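Below is start.cif, which holds mmCIF, C-alpha atoms.
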```
data_query
#
loop_
_atom_site.group_PDB
_atom_site.id
_atom_site.type_symbol
_atom_site.label_atom_id
_atom_site.label_comp_id
_atom_site.auth_asym_id
_atom_site.auth_seq_id
_atom_site.Cartn_x
_atom_site.Cartn_y
_atom_site.Cartn_z
ATOM 1 C CA MET A 1 -2.953 6.176 17.327
ATOM 2 C CA SER A 2 -1.752 9.795 17.464
ATOM 3 C CA SER A 3 -0.165 11.333 14.369
ATOM 4 C CA ARG A 4 3.205 11.429 16.199
ATOM 5 C CA LEU A 5 3.040 7.712 16.969
ATOM 6 C CA SER A 6 1.856 7.027 13.430
ATOM 7 C CA GLY A 7 4.847 9.001 12.099
ATOM 8 C CA LEU A 8 7.205 6.997 14.320
ATOM 9 C CA PHE A 9 5.673 3.754 13.084
ATOM 10 C CA ALA A 10 6.046 4.907 9.464
ATOM 11 C CA GLY A 11 9.713 5.609 10.259
ATOM 12 C CA LEU A 12 10.097 2.089 11.657
ATOM 13 C CA VAL A 13 8.548 0.641 8.480
ATOM 14 C CA PHE A 14 10.905 2.734 6.336
ATOM 15 C CA LEU A 15 13.988 1.694 8.339
ATOM 16 C CA SER A 16 13.102 -2.011 8.497
ATOM 17 C CA MET A 17 12.273 -2.064 4.778
ATOM 18 C CA GLY A 18 15.586 -0.307 3.957
ATOM 19 C CA LEU A 19 17.500 -2.817 6.094
ATOM 20 C CA ALA A 20 15.657 -5.762 4.488
ATOM 21 C CA LEU A 21 16.413 -4.509 0.959
ATOM 22 C CA TYR A 22 20.076 -3.966 1.859
ATOM 23 C CA MET A 23 20.287 -7.530 3.185
ATOM 24 C CA VAL A 24 18.392 -9.027 0.216
ATOM 25 C CA PHE A 25 20.535 -7.401 -2.474
ATOM 26 C CA ILE A 26 23.930 -6.873 -0.799
ATOM 27 C CA TYR A 27 24.348 -8.895 2.402
ATOM 28 C CA ALA A 28 22.851 -12.254 1.348
ATOM 29 C CA PRO A 29 25.083 -14.469 -0.825
ATOM 30 C CA THR A 30 23.902 -15.619 -4.245
ATOM 31 C CA GLU A 31 22.489 -19.139 -4.105
ATOM 32 C CA ALA A 32 24.779 -21.564 -5.975
ATOM 33 C CA GLN A 33 22.204 -23.542 -7.980
ATOM 34 C CA MET A 34 19.402 -21.064 -8.667
ATOM 35 C CA GLY A 35 21.462 -17.899 -9.071
ATOM 36 C CA VAL A 36 20.178 -14.382 -8.396
ATOM 37 C CA VAL A 37 16.505 -15.233 -8.957
ATOM 38 C CA GLN A 38 16.537 -17.007 -5.580
ATOM 39 C CA ARG A 39 16.517 -13.511 -4.005
ATOM 40 C CA ILE A 40 12.773 -13.409 -4.772
ATOM 41 C CA PHE A 41 12.507 -15.892 -1.880
ATOM 42 C CA TYR A 42 13.173 -13.102 0.668
ATOM 43 C CA PHE A 43 9.905 -11.334 -0.179
ATOM 44 C CA HIS A 44 7.959 -14.345 -1.499
ATOM 45 C CA VAL A 45 8.063 -16.390 1.729
ATOM 46 C CA PRO A 46 7.602 -13.454 4.183
ATOM 47 C CA SER A 47 4.629 -12.268 2.058
ATOM 48 C CA ALA A 48 3.068 -15.715 2.485
ATOM 49 C CA MET A 49 3.691 -15.564 6.246
ATOM 50 C CA THR A 50 2.173 -12.076 6.402
ATOM 51 C CA SER A 51 -0.926 -13.282 4.550
ATOM 52 C CA PHE A 52 -1.262 -16.176 7.055
ATOM 53 C CA LEU A 53 -1.028 -13.649 9.894
ATOM 54 C CA ALA A 54 -3.679 -11.472 8.205
ATOM 55 C CA PHE A 55 -6.065 -14.412 7.799
ATOM 56 C CA PHE A 56 -5.453 -15.481 11.401
ATOM 57 C CA ILE A 57 -6.521 -11.966 12.455
ATOM 58 C CA VAL A 58 -9.648 -12.348 10.260
ATOM 59 C CA PHE A 59 -10.371 -15.659 12.014
ATOM 60 C CA ILE A 60 -9.994 -14.261 15.565
ATOM 61 C CA THR A 61 -11.843 -10.991 14.890
ATOM 62 C CA SER A 62 -14.688 -12.847 13.119
ATOM 63 C CA ILE A 63 -15.182 -15.012 16.221
ATOM 64 C CA GLN A 64 -15.089 -11.881 18.356
ATOM 65 C CA TYR A 65 -17.641 -10.159 16.117
ATOM 66 C CA LEU A 66 -20.066 -13.086 16.312
ATOM 67 C CA ARG A 67 -19.652 -13.178 20.097
ATOM 68 C CA THR A 68 -19.968 -9.451 20.821
ATOM 69 C CA ARG A 69 -21.468 -7.851 17.652
ATOM 70 C CA GLN A 70 -19.093 -4.922 18.169
ATOM 71 C CA GLU A 71 -18.310 -3.059 14.952
ATOM 72 C CA LYS A 72 -14.600 -2.678 15.751
ATOM 73 C CA TRP A 73 -14.071 -6.439 15.264
ATOM 74 C CA ASP A 74 -15.856 -6.365 11.937
ATOM 75 C CA GLN A 75 -13.784 -3.402 10.760
ATOM 76 C CA LEU A 76 -10.579 -5.171 11.762
ATOM 77 C CA ALA A 77 -11.674 -8.406 10.036
ATOM 78 C CA LEU A 78 -12.446 -6.632 6.765
ATOM 79 C CA SER A 79 -9.189 -4.640 6.837
ATOM 80 C CA ALA A 80 -7.074 -7.718 7.607
ATOM 81 C CA ALA A 81 -8.823 -9.759 4.882
ATOM 82 C CA GLU A 82 -8.095 -7.109 2.268
ATOM 83 C CA LEU A 83 -4.433 -6.946 3.285
ATOM 84 C CA GLY A 84 -4.214 -10.736 3.328
ATOM 85 C CA VAL A 85 -5.418 -10.760 -0.273
ATOM 86 C CA VAL A 86 -2.799 -8.134 -1.230
ATOM 87 C CA PHE A 87 0.041 -10.185 0.316
ATOM 88 C CA SER A 88 -1.282 -13.452 -1.178
ATOM 89 C CA LEU A 89 -1.367 -11.773 -4.569
ATOM 90 C CA ILE A 90 2.336 -10.972 -4.160
ATOM 91 C CA VAL A 91 2.989 -14.650 -3.369
ATOM 92 C CA LEU A 92 0.985 -15.809 -6.391
ATOM 93 C CA ILE A 93 2.767 -13.401 -8.750
ATOM 94 C CA THR A 94 6.337 -13.786 -7.490
ATOM 95 C CA GLY A 95 6.010 -17.593 -7.260
ATOM 96 C CA PRO A 96 5.565 -18.185 -10.999
ATOM 97 C CA ILE A 97 8.264 -15.586 -11.820
ATOM 98 C CA TRP A 98 10.672 -17.567 -9.624
ATOM 99 C CA ALA A 99 9.371 -20.935 -10.900
ATOM 100 C CA LYS A 100 9.818 -20.257 -14.621
ATOM 101 C CA PRO A 101 13.652 -20.326 -14.727
ATOM 102 C CA ILE A 102 13.917 -23.015 -12.003
ATOM 103 C CA TRP A 103 11.112 -25.492 -12.845
ATOM 104 C CA GLY A 104 10.808 -24.525 -16.515
ATOM 105 C CA ALA A 105 7.111 -23.672 -16.147
ATOM 106 C CA TRP A 106 5.159 -20.704 -14.783
ATOM 107 C CA TRP A 107 2.662 -22.897 -12.967
ATOM 108 C CA ARG A 108 2.233 -26.520 -11.859
ATOM 109 C CA TRP A 109 -0.861 -27.923 -10.178
ATOM 110 C CA GLU A 110 1.086 -29.177 -7.191
ATOM 111 C CA PRO A 111 -0.291 -29.107 -3.578
ATOM 112 C CA ARG A 112 1.307 -25.878 -2.282
ATOM 113 C CA LEU A 113 0.450 -23.791 -5.354
ATOM 114 C CA THR A 114 -3.064 -25.175 -5.693
ATOM 115 C CA SER A 115 -3.947 -24.767 -1.995
ATOM 116 C CA MET A 116 -2.523 -21.208 -2.041
ATOM 117 C CA LEU A 117 -4.669 -20.340 -5.062
ATOM 118 C CA ILE A 118 -7.757 -21.801 -3.334
ATOM 119 C CA MET A 119 -7.016 -19.760 -0.195
ATOM 120 C CA PHE A 120 -6.621 -16.582 -2.269
ATOM 121 C CA THR A 121 -9.905 -17.271 -4.111
ATOM 122 C CA MET A 122 -11.758 -17.860 -0.820
ATOM 123 C CA TYR A 123 -10.702 -14.491 0.588
ATOM 124 C CA VAL A 124 -11.484 -12.736 -2.701
ATOM 125 C CA ALA A 125 -14.975 -14.262 -2.322
ATOM 126 C CA TYR A 126 -15.042 -12.888 1.252
ATOM 127 C CA LEU A 127 -14.269 -9.385 -0.065
ATOM 128 C CA MET A 128 -16.937 -9.758 -2.770
ATOM 129 C CA VAL A 129 -19.530 -10.675 -0.136
ATOM 130 C CA ARG A 130 -18.511 -7.524 1.767
ATOM 131 C CA ALA A 131 -18.642 -5.353 -1.336
ATOM 132 C CA TYR A 132 -21.946 -6.549 -2.781
ATOM 133 C CA GLY A 133 -23.950 -7.437 0.346
ATOM 134 C CA THR A 134 -27.006 -5.167 0.521
ATOM 135 C CA ARG A 135 -28.046 -5.712 4.163
ATOM 136 C CA PRO A 136 -25.142 -4.557 6.370
ATOM 137 C CA LEU A 137 -25.884 -6.651 9.472
ATOM 138 C CA GLN A 138 -26.552 -9.863 7.548
ATOM 139 C CA THR A 139 -23.498 -9.248 5.371
ATOM 140 C CA ARG A 140 -21.289 -8.803 8.434
ATOM 141 C CA ARG A 141 -22.579 -12.019 10.007
ATOM 142 C CA LEU A 142 -22.140 -13.981 6.780
ATOM 143 C CA ALA A 143 -18.651 -12.541 6.293
ATOM 144 C CA ALA A 144 -17.709 -13.483 9.875
ATOM 145 C CA VAL A 145 -18.789 -17.081 9.214
ATOM 146 C CA LEU A 146 -16.776 -17.079 5.975
ATOM 147 C CA GLY A 147 -13.785 -15.610 7.839
ATOM 148 C CA ILE A 148 -13.902 -18.514 10.303
ATOM 149 C CA VAL A 149 -14.575 -21.295 7.772
ATOM 150 C CA GLY A 150 -12.052 -19.890 5.268
ATOM 151 C CA PHE A 151 -9.259 -20.136 7.833
ATOM 152 C CA VAL A 152 -9.413 -23.941 7.642
ATOM 153 C CA ASN A 153 -7.473 -23.651 4.399
ATOM 154 C CA VAL A 154 -4.560 -21.692 5.934
ATOM 155 C CA PRO A 155 -2.928 -24.588 7.866
ATOM 156 C CA LEU A 156 -3.560 -26.749 4.802
ATOM 157 C CA VAL A 157 -1.416 -24.379 2.698
ATOM 158 C CA HIS A 158 1.282 -24.259 5.381
ATOM 159 C CA PHE A 159 1.449 -28.010 5.968
ATOM 160 C CA SER A 160 0.751 -29.086 2.363
ATOM 161 C CA ILE A 161 4.443 -29.935 1.985
ATOM 162 C CA GLU A 162 4.228 -32.530 4.781
ATOM 163 C CA LEU A 163 0.724 -33.793 3.936
ATOM 164 C CA TRP A 164 1.534 -34.855 0.374
ATOM 165 C CA THR A 165 4.353 -37.143 -0.731
ATOM 166 C CA PRO A 166 7.560 -35.653 -2.205
ATOM 167 C CA GLU A 167 6.700 -37.190 -5.617
ATOM 168 C CA GLN A 168 3.535 -35.112 -5.783
ATOM 169 C CA GLN A 169 5.227 -31.765 -5.292
ATOM 170 C CA LEU A 170 7.933 -29.435 -6.480
ATOM 171 C CA HIS A 171 8.438 -27.425 -3.288
ATOM 172 C CA PRO A 172 11.322 -28.853 -1.206
ATOM 173 C CA GLN A 173 10.277 -30.618 2.015
ATOM 174 C CA GLN A 174 13.315 -29.430 3.940
ATOM 175 C CA VAL A 175 15.218 -26.193 3.388
ATOM 176 C CA SER A 176 18.553 -25.573 5.080
ATOM 177 C CA LEU A 177 19.625 -21.964 4.773
ATOM 178 C CA ASP A 178 23.056 -20.439 5.076
ATOM 179 C CA PRO A 179 23.061 -18.219 8.251
ATOM 180 C CA HIS A 180 23.356 -15.037 6.123
ATOM 181 C CA MET A 181 20.311 -16.128 4.124
ATOM 182 C CA ALA A 182 18.394 -16.983 7.302
ATOM 183 C CA TYR A 183 19.104 -13.535 8.846
ATOM 184 C CA THR A 184 17.995 -11.896 5.601
ATOM 185 C CA LYS A 185 14.745 -13.836 5.717
ATOM 186 C CA TYR A 186 14.146 -12.736 9.335
ATOM 187 C CA ALA A 187 14.830 -9.103 8.377
ATOM 188 C CA SER A 188 12.340 -9.321 5.488
ATOM 189 C CA ASN A 189 9.787 -10.937 7.792
ATOM 190 C CA LEU A 190 10.187 -8.125 10.297
ATOM 191 C CA ALA A 191 9.909 -5.450 7.583
ATOM 192 C CA LEU A 192 6.764 -6.961 6.074
ATOM 193 C CA PHE A 193 5.124 -7.486 9.489
ATOM 194 C CA CYS A 194 5.795 -3.816 10.378
ATOM 195 C CA PHE A 195 4.450 -2.725 6.971
ATOM 196 C CA PHE A 196 1.389 -4.939 7.408
ATOM 197 C CA PHE A 197 0.494 -3.473 10.823
ATOM 198 C CA TYR A 198 1.022 0.056 9.505
ATOM 199 C CA LEU A 199 -1.326 -0.614 6.563
ATOM 200 C CA LEU A 200 -3.803 -2.413 8.828
ATOM 201 C CA HIS A 201 -4.084 0.645 11.080
ATOM 202 C CA TRP A 202 -4.522 2.899 8.049
ATOM 203 C CA ARG A 203 -7.148 0.609 6.480
ATOM 204 C CA CYS A 204 -9.101 0.422 9.775
ATOM 205 C CA GLN A 205 -9.184 4.231 9.972
ATOM 206 C CA LEU A 206 -10.509 4.290 6.421
ATOM 207 C CA GLU A 207 -13.220 1.776 7.305
ATOM 208 C CA LYS A 208 -14.249 3.917 10.293
ATOM 209 C CA GLY A 209 -14.455 6.897 7.916
ATOM 210 C CA SER A 210 -16.613 4.906 5.470
ATOM 211 C CA ARG A 211 -19.063 3.994 8.238
ATOM 212 C CA LEU A 212 -19.182 7.599 9.484
ATOM 213 C CA LEU A 213 -19.971 8.698 5.927
ATOM 214 C CA ALA A 214 -22.776 6.131 5.644
ATOM 215 C CA GLN A 215 -24.201 7.394 8.942
ATOM 216 C CA LEU A 216 -24.025 11.034 7.780
ATOM 217 C CA ARG A 217 -25.741 10.080 4.514
ATOM 218 C CA ARG A 218 -28.602 8.518 6.452
ATOM 219 C CA GLN A 219 -28.890 11.665 8.572
ATOM 220 C CA ALA A 220 -28.847 13.843 5.458
ATOM 221 C CA GLU A 221 -31.558 11.707 3.851
ATOM 222 C CA ALA A 222 -33.733 12.170 6.930
ATOM 223 C CA LEU A 223 -33.061 15.861 7.469
ATOM 224 C CA LEU A 224 -32.316 17.476 4.130
ATOM 225 C CA PRO A 225 -34.631 17.928 1.157
ATOM 226 C CA GLU A 226 -33.437 15.985 -1.919
ATOM 227 C CA GLU A 227 -32.025 18.995 -3.814
ATOM 228 C CA LYS A 228 -29.740 19.923 -0.860
ATOM 229 C CA ARG A 229 -28.122 16.469 -0.301
ATOM 230 C CA MET B 1 21.031 -19.289 -17.407
ATOM 231 C CA ASP B 2 20.830 -15.574 -16.639
ATOM 232 C CA THR B 3 17.951 -15.153 -14.202
ATOM 233 C CA LEU B 4 18.402 -11.432 -13.547
ATOM 234 C CA PRO B 5 15.363 -10.371 -15.684
ATOM 235 C CA TYR B 6 13.177 -12.658 -13.536
ATOM 236 C CA LEU B 7 14.516 -11.092 -10.348
ATOM 237 C CA PHE B 8 13.831 -7.638 -11.800
ATOM 238 C CA ALA B 9 10.302 -8.660 -12.841
ATOM 239 C CA GLY B 10 9.579 -10.141 -9.397
ATOM 240 C CA TYR B 11 10.591 -7.051 -7.420
ATOM 241 C CA THR B 12 8.907 -4.727 -9.934
ATOM 242 C CA ALA B 13 5.648 -6.629 -9.398
ATOM 243 C CA ILE B 14 6.042 -6.421 -5.604
ATOM 244 C CA TRP B 15 6.563 -2.631 -5.633
ATOM 245 C CA ILE B 16 3.763 -2.042 -8.153
ATOM 246 C CA ILE B 17 1.356 -3.916 -5.848
ATOM 247 C CA PHE B 18 2.561 -2.094 -2.703
ATOM 248 C CA PHE B 19 2.488 1.387 -4.250
ATOM 249 C CA GLY B 20 -0.766 0.667 -6.092
ATOM 250 C CA TYR B 21 -2.415 -0.284 -2.812
ATOM 251 C CA ILE B 22 -1.001 2.777 -0.989
ATOM 252 C CA TRP B 23 -2.208 5.007 -3.834
ATOM 253 C CA TRP B 24 -5.693 3.450 -3.579
ATOM 254 C CA LEU B 25 -5.755 3.983 0.206
ATOM 255 C CA GLN B 26 -4.648 7.593 -0.171
ATOM 256 C CA SER B 27 -7.161 8.483 -2.883
ATOM 257 C CA ARG B 28 -10.003 6.776 -0.974
ATOM 258 C CA GLN B 29 -9.022 8.645 2.211
ATOM 259 C CA LYS B 30 -9.010 11.990 0.383
ATOM 260 C CA GLN B 31 -12.390 11.300 -1.206
ATOM 261 C CA LEU B 32 -13.887 10.233 2.149
ATOM 262 C CA GLN B 33 -12.586 13.312 3.964
ATOM 263 C CA GLN B 34 -14.060 15.594 1.294
ATOM 264 C CA GLU B 35 -17.457 13.864 1.356
ATOM 265 C CA ILE B 36 -17.596 13.831 5.188
ATOM 266 C CA ALA B 37 -16.685 17.542 5.399
ATOM 267 C CA LEU B 38 -19.304 18.456 2.781
ATOM 268 C CA LEU B 39 -22.084 16.496 4.469
ATOM 269 C CA GLN B 40 -21.183 17.814 7.922
ATOM 270 C CA GLN B 41 -21.281 21.342 6.511
ATOM 271 C CA LYS B 42 -24.708 20.751 4.960
ATOM 272 C CA LEU B 43 -26.084 19.167 8.131
ATOM 273 C CA ALA B 44 -24.735 22.038 10.283
ATOM 274 C CA ALA B 45 -26.315 24.559 7.901
ATOM 275 C CA SER B 46 -29.669 22.763 8.055
ATOM 276 C CA GLU B 47 -29.539 22.757 11.877
ATOM 277 C CA ALA B 48 -28.785 26.497 11.922
ATOM 278 C CA ASP B 49 -31.519 27.208 9.406
ATOM 279 C CA PRO B 50 -34.266 24.583 9.896
ATOM 280 C CA PRO B 51 -36.991 24.340 7.244
ATOM 281 C CA ALA B 52 -40.181 26.222 8.212
#
```

Can you turn what I pasted into structure tokens?
Amino acid sequence: MSSRLSGLFAGLVFLSMGLALYMVFIYAPTEAQMGVVQRIFYFHVPSAMTSFLAFFIVFITSIQYLRTRQEKWDQLALSAAELGVVFSLIVLITGPIWAKPIWGAWWRWEPRLTSMLIMFTMYVAYLMVRAYGTRPLQTRRLAAVLGIVGFVNVPLVHFSIELWTPEQQLHPQQVSLDPHMAYTKYASNLALFCFFFYLLHWRCQLEKGSRLLAQLRRQAEALLPEEKR
Amino acid sequence: MDTLPYLFAGYTAIWIIFFGYIWWLQSRQKQLQQEIALLQQKLAASEADPPA
């Protein structure tokens, strides 16, 4: 992506984020039962959706890497996994902050929360494999397998509300939103998707840079005497 | 019950995570660029002046 296009995309992120924040804090009405804390919903739910998108990208690019062994797929998988963990972390932090005044507890071991925590832990494990693997090719293959297997948990998180009975959970099974609230949610979704793709591009460039540096280090080790490296 | 402090805490956490991640990306990018430039310079110098 050229720097001009990248600048335009950054502008789009800025505009969509500004619009989303305006709608969250000014346009959307205050929810009658929960009060103002319900406004966390507009970043909590879209962050979860963005993390699902990120892990879906990990799933697809991991398959592609195992099929073709092209580095670009591996770079994309790693970048998307890291961003998925960032957005899941937002979900796991904002959830309890919202839950405390509404449910009276920071955390409950109910299906949605537990499956989300498991999903987060699985992708943290994926990043740890990437960070501490000593043989690059083996590490990439192992990570690709983890990226495919780990995705099994994503639909489980999404459909946990329908898979378990209402008595076993605190999340509502059906949510009917006021149109203003629904538009605000769509605007937040759009803003976070734009932000995600902007960060994904940036993170991929960084990964390319890291691999170029590793290559240059190998060249330097072969060509330069130790005191000049 | 006044839930405003929870709303404030929630959005503060979101922006700390976003800006923290952007800061990490930026500092990593800067460090990488410096290391790449330095190594390229050293490799170019060694090619211009090969060891005898």

### Message
Counting all atoms listed in the file, a student should be able to say which residues of chain B come within 6 Å of chain A; what is the right answer, written as a PyMOL selection string?
### Response
chain B and resi 3+6-7+10+36

### Message
What's around segment 50-62 of chain A at 9 Å? Count only C-alpha atoms, leave out sequence neighbours fewer than 3 positions away in its own chain, and write the answer as a ChimeraX atom specification.
### Response
/A:45-47,65-67,72-88,91,123,141,143-151,154-155,158,189,192-193,196

### Message
Between atom CA of Ala44 of chain B and atom CA of Arg28 of chain B, what distance in Å does the model show, to one decimal?
### Response
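Taking atom CA of Ala44 of chain B and atom CA of Arg28 of chain B, their separation equals 24.0 Å.
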
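Computed from the coordinates, the atom CA of Ser3 of chain A to atom CA of Gln29 of chain B distance equals 15.3 Å.
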
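When you apply the PyMOL selection byres ((chain A and resi 119) around 8) to this structure, what comes back is Ser115, Met116, Leu117, Ile118, Phe120, Thr121, Met122, Tyr123, Gly150, Asn153, Val154 and Val157 of chain A.
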